[in-house]
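Structure data (PDB, C-alpha atoms) from protein_20.pdb:
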```
ATOM      1  CA  MET K   1     -54.574  45.337 -24.561
ATOM      2  CA  LEU K   2     -54.866  41.612 -25.224
ATOM      3  CA  ASN K   3     -55.018  39.528 -22.056
ATOM      4  CA  ASP K   4     -53.515  36.115 -22.679
ATOM      5  CA  THR K   5     -53.044  35.205 -19.000
ATOM      6  CA  ILE K   6     -55.219  33.117 -16.653
ATOM      7  CA  THR K   7     -57.498  36.110 -16.028
ATOM      8  CA  ALA K   8     -58.676  35.903 -19.649
ATOM      9  CA  ILE K   9     -61.239  33.510 -18.160
ATOM     10  CA  LYS K  10     -64.191  35.618 -17.048
ATOM     11  CA  GLY K  11     -64.430  35.789 -13.273
ATOM     12  CA  VAL K  12     -60.858  34.699 -12.526
ATOM     13  CA  SER K  13     -58.801  37.249 -10.593
ATOM     14  CA  VAL K  14     -55.236  37.312  -9.273
ATOM     15  CA  GLY K  15     -53.631  39.416  -6.541
ATOM     16  CA  HIS K  16     -50.055  39.670  -5.288
ATOM     17  CA  TYR K  17     -48.370  40.761  -2.084
ATOM     18  CA  THR K  18     -44.673  41.408  -2.768
ATOM     19  CA  ASP K  19     -41.903  41.979  -0.228
ATOM     20  CA  SER K  20     -38.974  42.969  -2.436
ATOM     21  CA  ASP K  21     -36.663  43.497   0.545
ATOM     22  CA  ALA K  22     -37.149  40.090   2.173
ATOM     23  CA  MET K  23     -37.659  38.467  -1.267
ATOM     24  CA  THR K  24     -40.878  36.626  -0.527
ATOM     25  CA  GLY K  25     -44.603  37.085  -1.074
ATOM     26  CA  VAL K  26     -48.099  35.742  -1.625
ATOM     27  CA  THR K  27     -50.300  35.219  -4.671
ATOM     28  CA  VAL K  28     -54.060  34.653  -4.392
ATOM     29  CA  ILE K  29     -56.277  33.359  -7.198
ATOM     30  CA  THR K  30     -60.071  33.396  -7.090
ATOM     31  CA  PHE K  31     -62.474  31.726  -9.483
ATOM     32  CA  PRO K  32     -66.114  32.058 -10.521
ATOM     33  CA  GLU K  33     -68.422  30.222  -8.139
ATOM     34  CA  PRO K  34     -69.651  27.543  -7.989
ATOM     35  CA  ASN K  35     -66.715  25.528  -9.266
ATOM     36  CA  VAL K  36     -65.035  22.172  -8.843
ATOM     37  CA  GLY K  37     -61.339  21.471  -8.289
ATOM     38  CA  ILE K  38     -58.806  18.666  -8.249
ATOM     39  CA  VAL K  39     -55.104  18.451  -7.375
ATOM     40  CA  ASP K  40     -52.162  16.331  -8.516
ATOM     41  CA  VAL K  41     -48.984  16.311  -6.379
ATOM     42  CA  ARG K  42     -45.887  14.779  -7.995
ATOM     43  CA  GLY K  43     -43.055  16.335  -6.043
ATOM     44  CA  GLY K  44     -41.725  14.420  -3.061
ATOM     45  CA  ALA K  45     -41.798  17.265  -0.520
ATOM     46  CA  PRO K  46     -44.978  19.365  -0.756
ATOM     47  CA  GLY K  47     -46.127  21.912   1.814
ATOM     48  CA  THR K  48     -49.888  22.326   1.690
ATOM     49  CA  ARG K  49     -53.173  23.120   3.444
ATOM     50  CA  GLU K  50     -56.752  21.972   2.671
ATOM     51  CA  MET K  51     -55.700  19.264   0.229
ATOM     52  CA  ALA K  52     -57.947  16.500   1.540
ATOM     53  CA  ILE K  53     -60.985  18.206  -0.020
ATOM     54  CA  PHE K  54     -59.705  17.120  -3.428
ATOM     55  CA  GLY K  55     -59.788  13.413  -2.588
ATOM     56  CA  GLU K  56     -61.538  11.156  -5.076
ATOM     57  CA  ALA K  57     -64.042   9.961  -2.459
ATOM     58  CA  ILE K  58     -64.793  13.485  -1.216
ATOM     59  CA  LYS K  59     -67.898  15.343  -2.371
ATOM     60  CA  PRO K  60     -66.827  18.283  -4.568
ATOM     61  CA  VAL K  61     -66.878  21.692  -2.883
ATOM     62  CA  THR K  62     -66.345  25.160  -4.309
ATOM     63  CA  VAL K  63     -62.816  26.562  -4.037
ATOM     64  CA  ASN K  64     -63.194  30.085  -2.646
ATOM     65  CA  ALA K  65     -59.546  31.014  -3.165
ATOM     66  CA  LEU K  66     -56.225  29.392  -3.984
ATOM     67  CA  VAL K  67     -53.148  30.681  -2.152
ATOM     68  CA  PHE K  68     -49.510  30.307  -3.201
ATOM     69  CA  ALA K  69     -46.846  31.646  -0.824
ATOM     70  CA  GLY K  70     -43.137  31.754  -0.178
ATOM     71  CA  GLY K  71     -41.661  31.166   3.259
ATOM     72  CA  SER K  72     -41.658  27.361   3.196
ATOM     73  CA  ALA K  73     -44.081  25.831   5.725
ATOM     74  CA  PHE K  74     -44.153  29.114   7.644
ATOM     75  CA  GLY K  75     -45.878  30.690   4.629
ATOM     76  CA  LEU K  76     -48.990  28.582   5.137
ATOM     77  CA  SER K  77     -49.994  31.273   7.642
ATOM     78  CA  ALA K  78     -50.898  33.520   4.702
ATOM     79  CA  ALA K  79     -54.040  31.477   4.107
ATOM     80  CA  GLN K  80     -55.556  32.533   7.424
ATOM     81  CA  GLY K  81     -55.822  36.154   6.326
ATOM     82  CA  VAL K  82     -57.649  35.092   3.177
ATOM     83  CA  VAL K  83     -59.985  32.865   5.184
ATOM     84  CA  GLU K  84     -60.884  35.743   7.500
ATOM     85  CA  VAL K  85     -61.759  38.107   4.646
ATOM     86  CA  LEU K  86     -63.822  35.444   2.894
ATOM     87  CA  GLU K  87     -65.718  34.710   6.110
ATOM     88  CA  ALA K  88     -66.490  38.412   6.500
ATOM     89  CA  GLU K  89     -67.799  38.386   2.919
ATOM     90  CA  GLY K  90     -70.073  35.441   3.719
ATOM     91  CA  LYS K  91     -68.286  33.044   1.389
ATOM     92  CA  GLY K  92     -67.561  29.392   2.086
ATOM     93  CA  ALA K  93     -69.082  25.968   2.447
ATOM     94  CA  PRO K  94     -72.408  26.301   4.301
ATOM     95  CA  THR K  95     -72.566  24.946   7.849
ATOM     96  CA  PRO K  96     -75.122  25.362  10.687
ATOM     97  CA  THR K  97     -72.947  28.084  12.248
ATOM     98  CA  GLY K  98     -72.087  29.940   9.063
ATOM     99  CA  PRO K  99     -69.904  29.537   5.971
ATOM    100  CA  VAL K 100     -66.452  27.958   6.208
ATOM    101  CA  PRO K 101     -64.141  29.278   3.456
ATOM    102  CA  ILE K 102     -62.329  26.673   1.375
ATOM    103  CA  VAL K 103     -58.796  27.967   0.705
ATOM    104  CA  PRO K 104     -56.305  25.354  -0.561
ATOM    105  CA  THR K 105     -52.748  26.585  -0.102
ATOM    106  CA  ALA K 106     -49.286  25.529  -1.252
ATOM    107  CA  ILE K 107     -45.875  26.976  -0.450
ATOM    108  CA  LEU K 108     -42.370  27.107  -1.885
ATOM    109  CA  TYR K 109     -38.932  27.294  -0.283
ATOM    110  CA  ASP K 110     -37.359  30.723  -0.819
ATOM    111  CA  LEU K 111     -35.642  31.164   2.566
ATOM    112  CA  MET K 112     -32.099  31.158   1.162
ATOM    113  CA  VAL K 113     -32.750  34.022  -1.241
ATOM    114  CA  GLY K 114     -33.836  36.957   0.928
ATOM    115  CA  GLU K 115     -34.315  37.343   4.675
ATOM    116  CA  SER K 116     -35.002  33.876   6.024
ATOM    117  CA  ASP K 117     -36.672  35.169   9.192
ATOM    118  CA  VAL K 118     -39.296  37.161   7.237
ATOM    119  CA  ARG K 119     -42.135  34.928   6.051
ATOM    120  CA  PRO K 120     -45.583  35.660   4.606
ATOM    121  CA  THR K 121     -48.176  36.339   7.285
ATOM    122  CA  ALA K 122     -51.966  36.306   7.516
ATOM    123  CA  GLU K 123     -51.951  40.065   6.920
ATOM    124  CA  ASN K 124     -49.887  39.562   3.763
ATOM    125  CA  GLY K 125     -52.415  36.997   2.550
ATOM    126  CA  ARG K 126     -55.200  39.476   3.221
ATOM    127  CA  SER K 127     -53.326  42.121   1.218
ATOM    128  CA  ALA K 128     -52.892  39.789  -1.756
ATOM    129  CA  TYR K 129     -56.576  38.874  -1.702
ATOM    130  CA  LEU K 130     -57.689  42.511  -1.590
ATOM    131  CA  ALA K 131     -55.270  43.378  -4.425
ATOM    132  CA  ARG K 132     -56.954  40.970  -6.847
ATOM    133  CA  SER K 133     -57.613  42.111 -10.391
ATOM    134  CA  ASP K 134     -59.055  40.601 -13.540
ATOM    135  CA  GLU K 135     -56.530  42.522 -15.647
ATOM    136  CA  ALA K 136     -53.611  40.675 -17.239
ATOM    137  CA  VAL K 137     -51.528  39.005 -14.528
ATOM    138  CA  VAL K 138     -48.391  40.845 -13.441
ATOM    139  CA  MET K 139     -45.588  38.349 -14.018
ATOM    140  CA  GLY K 140     -41.976  37.858 -12.997
ATOM    141  CA  SER K 141     -40.498  38.383  -9.536
ATOM    142  CA  VAL K 142     -43.725  39.272  -7.761
ATOM    143  CA  GLY K 143     -46.082  37.703  -5.235
ATOM    144  CA  ALA K 144     -45.252  34.126  -4.335
ATOM    145  CA  GLY K 145     -42.576  34.209  -7.028
ATOM    146  CA  THR K 146     -40.621  37.139  -5.558
ATOM    147  CA  GLY K 147     -37.814  34.937  -4.256
ATOM    148  CA  ALA K 148     -38.175  32.148  -6.807
ATOM    149  CA  THR K 149     -35.113  30.859  -8.633
ATOM    150  CA  VAL K 150     -34.195  28.036 -11.004
ATOM    151  CA  GLY K 151     -31.008  26.199 -11.958
ATOM    152  CA  LYS K 152     -29.699  25.297  -8.504
ATOM    153  CA  LEU K 153     -28.353  21.814  -9.176
ATOM    154  CA  ALA K 154     -24.796  23.090  -8.841
ATOM    155  CA  GLY K 155     -25.610  25.331  -5.872
ATOM    156  CA  ILE K 156     -27.640  28.437  -5.065
ATOM    157  CA  GLU K 157     -24.749  30.629  -6.250
ATOM    158  CA  HIS K 158     -25.460  29.447  -9.802
ATOM    159  CA  ALA K 159     -29.212  30.139  -9.650
ATOM    160  CA  THR K 160     -31.152  32.236 -12.141
ATOM    161  CA  PRO K 161     -34.045  34.492 -11.050
ATOM    162  CA  SER K 162     -37.496  33.165 -11.815
ATOM    163  CA  GLY K 163     -40.998  33.996 -10.626
ATOM    164  CA  ILE K 164     -44.554  33.894 -11.875
ATOM    165  CA  GLY K 165     -45.683  33.205 -15.414
ATOM    166  CA  SER K 166     -49.185  32.990 -16.848
ATOM    167  CA  SER K 167     -50.776  32.125 -20.161
ATOM    168  CA  SER K 168     -54.136  31.172 -21.692
ATOM    169  CA  VAL K 169     -55.315  29.130 -24.674
ATOM    170  CA  ARG K 170     -58.694  29.197 -26.435
ATOM    171  CA  VAL K 171     -60.416  25.940 -27.417
ATOM    172  CA  GLY K 172     -63.614  26.795 -29.258
ATOM    173  CA  ASP K 173     -65.792  28.812 -26.876
ATOM    174  CA  ALA K 174     -63.807  27.668 -23.841
ATOM    175  CA  THR K 175     -60.542  28.948 -22.385
ATOM    176  CA  VAL K 176     -57.788  27.256 -20.399
ATOM    177  CA  GLY K 177     -55.508  29.456 -18.322
ATOM    178  CA  GLY K 178     -52.369  28.620 -16.416
ATOM    179  CA  LEU K 179     -50.427  30.383 -13.669
ATOM    180  CA  VAL K 180     -47.096  28.976 -12.527
ATOM    181  CA  VAL K 181     -44.839  29.882  -9.625
ATOM    182  CA  LEU K 182     -41.529  28.477 -10.810
ATOM    183  CA  ASN K 183     -38.965  27.658  -8.105
ATOM    184  CA  ALA K 184     -37.196  24.655  -9.588
ATOM    185  CA  VAL K 185     -33.905  22.979  -8.812
ATOM    186  CA  GLY K 186     -33.533  22.185 -12.512
ATOM    187  CA  ASP K 187     -32.849  24.393 -15.509
ATOM    188  CA  VAL K 188     -35.469  25.673 -17.924
ATOM    189  CA  TYR K 189     -35.786  24.800 -21.609
ATOM    190  CA  SER K 190     -38.174  25.894 -24.323
ATOM    191  CA  LEU K 191     -40.413  23.281 -25.925
ATOM    192  CA  SER K 192     -38.116  23.383 -28.954
ATOM    193  CA  GLY K 193     -35.232  22.345 -26.684
ATOM    194  CA  ASP K 194     -33.438  25.680 -26.415
ATOM    195  CA  ARG K 195     -31.698  26.098 -23.087
ATOM    196  CA  LEU K 196     -32.940  29.184 -21.201
ATOM    197  CA  THR K 197     -30.930  28.870 -17.962
ATOM    198  CA  GLY K 198     -27.710  27.216 -16.815
ATOM    199  CA  SER K 199     -24.854  25.866 -18.889
ATOM    200  CA  ASP K 200     -22.827  22.757 -19.615
ATOM    201  CA  GLU K 201     -20.482  23.892 -16.851
ATOM    202  CA  THR K 202     -23.209  24.007 -14.211
ATOM    203  CA  ASP K 203     -24.350  20.577 -15.385
ATOM    204  CA  ARG K 204     -20.821  19.291 -14.809
ATOM    205  CA  LEU K 205     -20.661  20.833 -11.350
ATOM    206  CA  ALA K 206     -24.023  19.339 -10.446
ATOM    207  CA  ARG K 207     -22.867  15.854 -11.429
ATOM    208  CA  GLU K 208     -19.942  16.234  -9.052
ATOM    209  CA  ALA K 209     -22.097  17.348  -6.100
ATOM    210  CA  LEU K 210     -25.774  18.257  -5.980
ATOM    211  CA  GLY K 211     -25.736  21.772  -4.628
ATOM    212  CA  PHE K 212     -29.239  22.791  -3.518
ATOM    213  CA  ALA K 213     -32.410  20.776  -3.470
ATOM    214  CA  GLN K 214     -35.299  22.510  -1.661
ATOM    215  CA  ASN K 215     -37.602  23.567  -4.482
ATOM    216  CA  THR K 216     -41.156  23.581  -5.763
ATOM    217  CA  THR K 217     -43.164  24.510  -8.841
ATOM    218  CA  LEU K 218     -46.804  25.408  -8.170
ATOM    219  CA  MET K 219     -49.313  25.321 -11.023
ATOM    220  CA  ALA K 220     -52.883  26.628 -11.179
ATOM    221  CA  ILE K 221     -54.966  25.713 -14.228
ATOM    222  CA  ALA K 222     -58.413  27.253 -14.654
ATOM    223  CA  THR K 223     -61.020  26.589 -17.320
ATOM    224  CA  ASP K 224     -64.614  27.435 -18.139
ATOM    225  CA  ALA K 225     -65.080  24.138 -19.993
ATOM    226  CA  ILE K 226     -67.622  21.609 -18.758
ATOM    227  CA  LEU K 227     -65.596  18.643 -17.480
ATOM    228  CA  ASP K 228     -65.937  15.810 -15.022
ATOM    229  CA  ARG K 229     -63.290  15.302 -12.366
ATOM    230  CA  ASN K 230     -61.550  12.519 -14.267
ATOM    231  CA  GLU K 231     -61.186  14.785 -17.291
ATOM    232  CA  MET K 232     -59.793  17.476 -15.022
ATOM    233  CA  ARG K 233     -57.258  14.972 -13.713
ATOM    234  CA  ARG K 234     -56.079  14.450 -17.283
ATOM    235  CA  MET K 235     -55.484  18.201 -17.449
ATOM    236  CA  ALA K 236     -53.329  17.975 -14.317
ATOM    237  CA  VAL K 237     -51.352  15.100 -15.823
ATOM    238  CA  ARG K 238     -50.618  17.185 -18.911
ATOM    239  CA  ALA K 239     -49.672  20.146 -16.728
ATOM    240  CA  HIS K 240     -47.063  17.951 -15.066
ATOM    241  CA  ASP K 241     -45.984  16.734 -18.516
ATOM    242  CA  ALA K 242     -45.341  20.366 -19.450
ATOM    243  CA  LEU K 243     -43.250  20.803 -16.324
ATOM    244  CA  GLY K 244     -41.230  17.717 -17.211
ATOM    245  CA  ALA K 245     -40.741  18.951 -20.777
ATOM    246  CA  THR K 246     -39.458  22.394 -19.790
ATOM    247  CA  VAL K 247     -37.694  21.865 -16.443
ATOM    248  CA  ARG K 248     -34.888  19.323 -16.088
ATOM    249  CA  PRO K 249     -35.070  17.624 -13.654
ATOM    250  CA  ALA K 250     -38.605  17.963 -12.287
ATOM    251  CA  HIS K 251     -40.596  16.003  -9.694
ATOM    252  CA  THR K 252     -37.564  15.187  -7.567
ATOM    253  CA  ARG K 253     -37.872  13.942  -3.994
ATOM    254  CA  TYR K 254     -36.962  17.431  -2.799
ATOM    255  CA  ASP K 255     -39.709  19.216  -4.776
ATOM    256  CA  GLY K 256     -43.296  20.023  -3.915
ATOM    257  CA  ASP K 257     -44.427  20.147  -7.554
ATOM    258  CA  THR K 258     -48.220  20.493  -7.462
ATOM    259  CA  ALA K 259     -50.940  21.162 -10.053
ATOM    260  CA  PHE K 260     -54.396  22.478  -9.166
ATOM    261  CA  VAL K 261     -57.206  22.454 -11.738
ATOM    262  CA  VAL K 262     -60.428  24.417 -11.206
ATOM    263  CA  SER K 263     -63.422  24.531 -13.579
ATOM    264  CA  ASN K 264     -66.558  26.633 -13.364
ATOM    265  CA  GLU K 265     -68.224  24.572 -16.121
ATOM    266  CA  ILE K 266     -69.846  26.962 -18.591
ATOM    267  CA  HIS K 267     -68.897  25.942 -22.147
ATOM    268  CA  GLU K 268     -69.123  22.649 -23.968
ATOM    269  CA  ALA K 269     -65.707  21.893 -25.440
ATOM    270  CA  ASP K 270     -63.597  19.160 -26.998
ATOM    271  CA  VAL K 271     -62.082  17.365 -24.010
ATOM    272  CA  ASP K 272     -58.884  16.355 -25.805
ATOM    273  CA  GLY K 273     -58.380  19.925 -26.965
ATOM    274  CA  ILE K 274     -58.864  21.209 -23.425
ATOM    275  CA  VAL K 275     -56.401  18.687 -22.020
ATOM    276  CA  GLU K 276     -53.743  19.646 -24.564
ATOM    277  CA  ALA K 277     -54.401  23.338 -23.899
ATOM    278  CA  ALA K 278     -53.407  22.720 -20.268
ATOM    279  CA  PHE K 279     -50.025  21.485 -21.499
ATOM    280  CA  ALA K 280     -49.564  24.527 -23.729
ATOM    281  CA  ALA K 281     -50.660  27.044 -21.084
ATOM    282  CA  VAL K 282     -48.347  25.632 -18.414
ATOM    283  CA  ALA K 283     -45.350  25.329 -20.733
ATOM    284  CA  SER K 284     -45.767  28.925 -21.897
ATOM    285  CA  SER K 285     -46.187  30.089 -18.292
ATOM    286  CA  ILE K 286     -42.945  28.386 -17.253
ATOM    287  CA  VAL K 287     -40.983  30.132 -19.988
ATOM    288  CA  SER K 288     -42.585  33.479 -19.109
ATOM    289  CA  ALA K 289     -41.695  33.030 -15.431
ATOM    290  CA  VAL K 290     -38.005  33.124 -16.377
ATOM    291  CA  GLU K 291     -38.245  35.705 -19.153
ATOM    292  CA  GLN K 292     -40.203  38.171 -16.974
ATOM    293  CA  ALA K 293     -38.080  37.739 -13.826
ATOM    294  CA  THR K 294     -36.264  40.751 -12.382
ATOM    295  CA  GLY K 295     -34.990  39.335  -9.080
ATOM    296  CA  PRO K 296     -31.331  39.495  -8.044
TER     297      PRO K 296
END
```
Show me this structure written as structure tokens.
Amino acid sequence: MLNDTITAIKGVSVGHYTDSDAMTGVTVITFPEPNVGIVDVRGGAPGTREMAIFGEAIKPVTVNALVFAGGSAFGLSAAQGVVEVLEAEGKGAPTPTGPVPIVPTAILYDLMVGESDVRPTAENGRSAYLARSDEAVVMGSVGAGTGATVGKLAGIEHATPSGIGSSSVRVGDATVGGLVVLNAVGDVYSLSGDRLTGSDETDRLAREALGFAQNTTLMAIATDAILDRNEMRRMAVRAHDALGATVRPAHTRYDGDTAFVVSNEIHEADVDGIVEAAFAAVASSIVSAVEQATGP
């Protein structure tokens, strides 16, 4: 079976922990090592851990795992379980007392969808890490996307189920893969402009009174192309462009919209082609997140 998700890149794996009763979960992504990563945050209300390592003045370090979780800021606890497993495996940045795992983490607000007092835990993060696979990514209402919804401008009662989407694009010998956890306040459109969620009526209601505004779209972009960090930042810019093209509105002051880019630098590739592939992979992933969703 053709794998056209982020795990089409050799060495990339994805695991989910899904709590279908509480409507929350965790998704863990691991990459070939060594690698280099960058991040671009454009939402006004992110919830994150280990983001300072991506600073422009910081020496690049290998990302041992990337964690996305529901549960709002409470969900950051999921990263600890991943850190503990990685430490036991001997993975992490070397220090005189042993390796320190590097696990950037970002969360989304799903507390109004399921049971608000049930949030992802360290044990849930551990479960997602151990469930990793290099098979095609399971999409829809799973993992960190279990309680994800879109189209909440007129209120949560008008929301449409969303979740996780993933896609990949080949550029010569290189591949760009995207994985998106889509939990947007706005509605979703195809690149051709077709409306996929919401209606003119919900638009009218939203203009009268903004209904619900705690939301976030998390994006992971992986590639095996050889790039410098500035070129990777262009990929993140185009990832955010894809979000803006398919979700209206995006990047509001209530969102935590964040794009991570990780490269393990194997193949020479056309930089412009790679950058545009990031746009295509993220846009396709956003559409898939809605089309594959099964949540209530």
Checklist entry - In Å, how far is it from atom CA of Ala52 of chain K to atom CA of Gly25 of chain K? => result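 These two atoms are separated by 24.7 Å.
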Contact check, segment 31-58 of chain K to segment 210-234 of chain K, at most 10 Å, counting all atoms listed in the file, closest pairs as CSV:
```
residue,atom,partner,partner_atom,distance
K:Phe31,CA,K:Ala222,CA,8.0
K:Pro32,CA,K:Asp224,CA,9.0
K:Asn35,CA,K:Asp224,CA,9.3
K:Val36,CA,K:Arg229,CA,7.9
K:Gly37,CA,K:Arg229,CA,7.6
K:Ile38,CA,K:Arg233,CA,6.8
K:Val39,CA,K:Arg233,CA,7.5
K:Asp40,CA,K:Arg233,CA,7.4
K:Val41,CA,K:Leu218,CA,9.5
K:Gly43,CA,K:Thr216,CA,7.5
K:Gly44,CA,K:Thr216,CA,9.6
K:Ala45,CA,K:Thr216,CA,8.2
K:Pro46,CA,K:Thr216,CA,7.6
K:Gly47,CA,K:Thr216,CA,9.2
K:Phe54,CA,K:Arg229,CA,9.8
K:Glu56,CA,K:Arg229,CA,8.6
```
Next on the checklist: Using the chain letters and numbers from this file, what does the PyMOL selection byres ((chain K and resi 196) around 9) select? Give the answer as a ChimeraX atom specification.
Outcome noted: /K:187-190,194-195,197-198,287,290-291
Checklist entry - Can you tell me, as a ChimeraX atom specification, what residues are no more than 8 Å from Gly177 of chain K when counting only C-alpha atoms, ignoring any on the same chain fewer than 5 positions away? => result /K:5-9,166-169,221-223,278,281
Item to check | Reference answer for the PyMOL selection byres ((chain K and resi 104) around 6), as a VMD selection string | outcome: chain K and resid 49 to 50 66 103 105
Item to check | Answer key for the PyMOL selection byres ((chain K and resi 91-96) around 12), residues as a VMD selection string | outcome: chain K and resid 30 33 to 35 53 59 to 65 82 to 90 97 to 103
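Among the candidates K:Ala57, K:Met51, K:Val118, K:Val176, the residue lying nearest to Ala269 of chain K is K:Val176 (atoms considered: all atoms listed in the file).
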Item to check | Nearest-residue call for Thr258 of chain K, choices K:Ala106, K:Met235, K:Leu205, K:Ala144, using only C-alpha atoms | outcome: K:Ala106
Next on the checklist: Counting all atoms listed in the file, I want the residues whose atoms come within 12 Å of (-40.0, 17.7, -22.7) in the file frame, returned as a PyMOL selection string.
Outcome noted: chain K and resi 188-195+238-250+279-280+283
Next on the checklist: Please report the interatomic distance between atom CA of Ser127 of chain K and atom CA of Tyr17 of chain K in Å with one decimal.
Outcome noted: 6.1 Å
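Closest approach to Asp134 of chain K from the set K:Asp117, K:Val271, K:Ile29, K:Asn264 is made by K:Ile29, with distances taken over all atoms listed in the file.
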Checklist entry - In Å to one decimal, how far is atom CA of Thr294 of chain K from atom CA of Tyr254 of chain K? => result 25.2 Å
Checklist entry - If we count all atoms listed in the file, what is near Leu108 of chain K at a cut-off of 10 Å, once residues fewer than 4 positions away on the same chain are taken out, given as a PyMOL selection string? => result chain K and resi 24+45-48+68-76+144-145+147-148+181-184+214-218+255-257
Next on the checklist: Just checking: using all atoms listed in the file, which residue out of K:Val237, K:Ile164, K:Ala293, K:Val14 ends up closest to Val180 of chain K?
Outcome noted: K:Ile164
Checklist entry - Smallest atom-to-atom distance to Ala154 of chain K: which of K:Asn3, K:Ser263, K:Ser285, K:Ser199, using all atoms listed in the file? => result K:Ser199
Item to check | Non-local contacts of Asp270 of chain K (8 Å; only C-alpha atoms; under 4 positions in same chain excluded) as a list in words | outcome: Val171, Gly172 and Ile274 of chain K
Checklist entry - Using only C-alpha atoms, which of K:Ser284, K:Thr149, K:Ser13, K:Ser133 sits nearest Gly114 of chain K? => result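 Under the stated criterion, the closest residue is K:Thr149.
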